[in-house]
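Take a look at the structure set out below.
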Amino acid sequence: MTRPLVSAARRAPVQRRSALRVEAMLDAAAGLLDDVGPEGLTTSGIARRAGVSVGSLYQFFPDKHAVVEALARRSFQRFSALLAGVDNLDWQQTVDAVIDAYVEFSRAEPGFLTLSFGGPVSVHVLDPQDDNNAVVARALGALFADLDLTEDATRLAVEVGDAILALAFRRDRDGDPALIAEAKVAVKAYLATKIP
């Protein structure tokens with residue numbers, strides 16, 4: 001039996017107390033991803049770290065995959081909110097600002113590195129109809145709306161940046177500075193060929 005592409009939460013928290021408990025579970029999962037990796041992640045470990053019973057966790061999530069996928073969606077929402085603060089700069093400065101924001105977010109957001117670069121999430125966790133990098137590309141497209149880039153151009157820029165940043169964080173837990181700089185160069189060089 002195969003697991004669905006995107007695990008759904010059993011129910012959404014209605015009361016504030018329940019919402020805080022769910023946030024504690026997501027925080028616990030993020031910390032455990034950093035501490036023990038995806039292989040060591042268990043529902044009992046998440047519940048223990050969150051200070052809740054396993055039964056309480058199962059009220060909201062059917063399994064650990066659903067917890068991790070909810071964590072991935074929360075991280076994407078937080079990163080999207082961070083991008084909303086990117087000033088209206090010229091496109092090259094915007095590329096630099098987006099990559100800088102991504103690097104800082106990757107360093108600061110618990111569990112994010114594991115989720116972003118080889119973590120235990122489906123490539124369809126952000127949208128069951130499209131893969132995660134396509135969703136990211138659409139979100140970034142708004143920052144480059146005045147450039148009249150095609151959807152494919154924005155998508156390929158994301159793929160180029162993602163590949164280089166993955167290598168940067170494999171080389172150094174904080175992101176290899178030389179490779180982060182190269183990601184900026186590569187993305188800008190690619191986009192320069194696509195700007196009308």
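Chains: A, B, ... in order of the structure tokens. Residues: from 1 per chain. Ligands: from 1, in order shown.
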Near segment 102-119 of chain A, within 7 Å and counting only C-alpha atoms, which residues show up once chain neighbours fewer than 2 positions away are dropped, as an MDAnalysis selection string?
chainID A and resid 30:31 33:34 38 72 75 98:100 121 166 174
Give me, as a list of chain:residue names, all polymer residues having an atom no more than 7 Å from Met25 of chain A, counting only C-alpha atoms and skipping those fewer than 2 positions away in the same chain.
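What passes the distance filter is A:Arg21, A:Val22, A:Glu23, A:Asp27, A:Ala28, A:Ala29, A:Ile46, A:Ala47, A:Ala50.
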Just to be explicit: take each residue in the selection above, keep all heavy atoms, and write the result as a short mmCIF file (atom, residue, chain, number, x, y, z; two decimals), in the first residue's frame.
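The resulting part-v8.cif:
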data_model
loop_
_atom_site.label_atom_id
_atom_site.label_comp_id
_atom_site.auth_asym_id
_atom_site.auth_seq_id
_atom_site.Cartn_x
_atom_site.Cartn_y
_atom_site.Cartn_z
N ARG A 21 -0.86 23.82 20.96
CA ARG A 21 -0.36 22.45 21.09
C ARG A 21 0.17 21.95 19.74
O ARG A 21 1.22 21.32 19.67
CB ARG A 21 -1.48 21.55 21.60
CG ARG A 21 -0.99 20.28 22.19
CD ARG A 21 -2.05 19.49 22.91
NE ARG A 21 -3.32 20.19 22.97
CZ ARG A 21 -4.50 19.60 23.09
NH1 ARG A 21 -4.57 18.30 23.16
NH2 ARG A 21 -5.60 20.29 23.14
N VAL A 22 -0.55 22.25 18.67
CA VAL A 22 -0.09 21.85 17.33
C VAL A 22 1.22 22.54 17.00
O VAL A 22 2.15 21.93 16.46
CB VAL A 22 -1.17 22.12 16.26
CG1 VAL A 22 -0.61 22.00 14.86
CG2 VAL A 22 -2.35 21.17 16.44
N GLU A 23 1.33 23.83 17.31
CA GLU A 23 2.59 24.55 17.07
C GLU A 23 3.73 23.91 17.86
O GLU A 23 4.85 23.78 17.36
CB GLU A 23 2.45 26.02 17.44
CG GLU A 23 1.67 26.84 16.43
CD GLU A 23 2.31 26.83 15.05
OE1 GLU A 23 3.51 27.15 14.93
OE2 GLU A 23 1.61 26.48 14.08
N ASP A 27 7.10 22.46 16.31
CA ASP A 27 8.41 22.88 16.81
C ASP A 27 9.24 21.68 17.26
O ASP A 27 10.45 21.61 17.00
CB ASP A 27 8.25 23.86 17.98
CG ASP A 27 7.69 25.21 17.57
OD1 ASP A 27 7.71 25.54 16.37
OD2 ASP A 27 7.20 25.94 18.47
N ALA A 28 8.59 20.74 17.92
CA ALA A 28 9.29 19.54 18.38
C ALA A 28 9.80 18.73 17.20
O ALA A 28 10.95 18.27 17.21
CB ALA A 28 8.35 18.69 19.25
N ALA A 29 8.98 18.57 16.18
CA ALA A 29 9.41 17.83 14.99
C ALA A 29 10.59 18.51 14.32
O ALA A 29 11.54 17.85 13.89
CB ALA A 29 8.24 17.68 14.01
N ILE A 46 8.27 12.99 18.94
CA ILE A 46 7.66 14.31 18.74
C ILE A 46 6.78 14.65 19.93
O ILE A 46 6.86 15.75 20.49
CB ILE A 46 6.85 14.35 17.42
CG1 ILE A 46 7.76 14.17 16.21
CG2 ILE A 46 6.06 15.67 17.32
CD1 ILE A 46 7.01 13.90 14.90
N ALA A 47 5.92 13.71 20.32
CA ALA A 47 5.00 13.96 21.44
C ALA A 47 5.78 14.23 22.73
O ALA A 47 5.45 15.17 23.46
CB ALA A 47 4.07 12.76 21.61
N ALA A 50 7.31 17.63 22.64
CA ALA A 50 6.27 18.68 22.68
C ALA A 50 5.56 18.72 24.02
O ALA A 50 4.81 19.67 24.29
CB ALA A 50 5.26 18.45 21.56
#
Secondary structure check, alpha helix (DSSP H) residues of chain A, as an NGL selection string:
:A and (16-40 or 43-50 or 54-60 or 64-83 or 91-108 or 112-116 or 132-141 or 151-171 or 177-192)
Using only C-alpha atoms, which protein or nucleic acid residues come within 10 Å of Ala134 of chain A? Drop anything in the same chain fewer than 3 positions from it, and give the result as a ChimeraX atom specification.
/A:123-124,126-127,130-131,137-140,151-152,154-156,158-159
Long-range neighbours of Asp146 of chain A as a count of residues only, 12 Å cut-off, only C-alpha atoms, 2 positions minimum in chain
13
I'd like the interatomic distance between atom CA of Val160 of chain A and atom CA of Pro128 of chain A, to a tenth of an Å.
22.8 Å
Interatomic distance, atom CA of Arg74 of chain A to atom CA of Leu32 of chain A (Å, one decimal):
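Computing the Euclidean distance for atom CA of Arg74 of chain A and atom CA of Leu32 of chain A yields 16.0 Å.
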Restricting the calculation to only C-alpha atoms: of A:Arg48, A:Ala163, A:His65, A:Lys194, which residue gets closest to Leu147 of chain A?
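Closest to Leu147 of chain A, using only C-alpha atoms: A:Lys194.
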Residues near Glu182 of chain A, cut-off 12 Å, only C-alpha atoms, skip fewer than 2 positions along chain, as a ChimeraX atom specification
/A:96,99,160-165,167-168,175-180,184-189
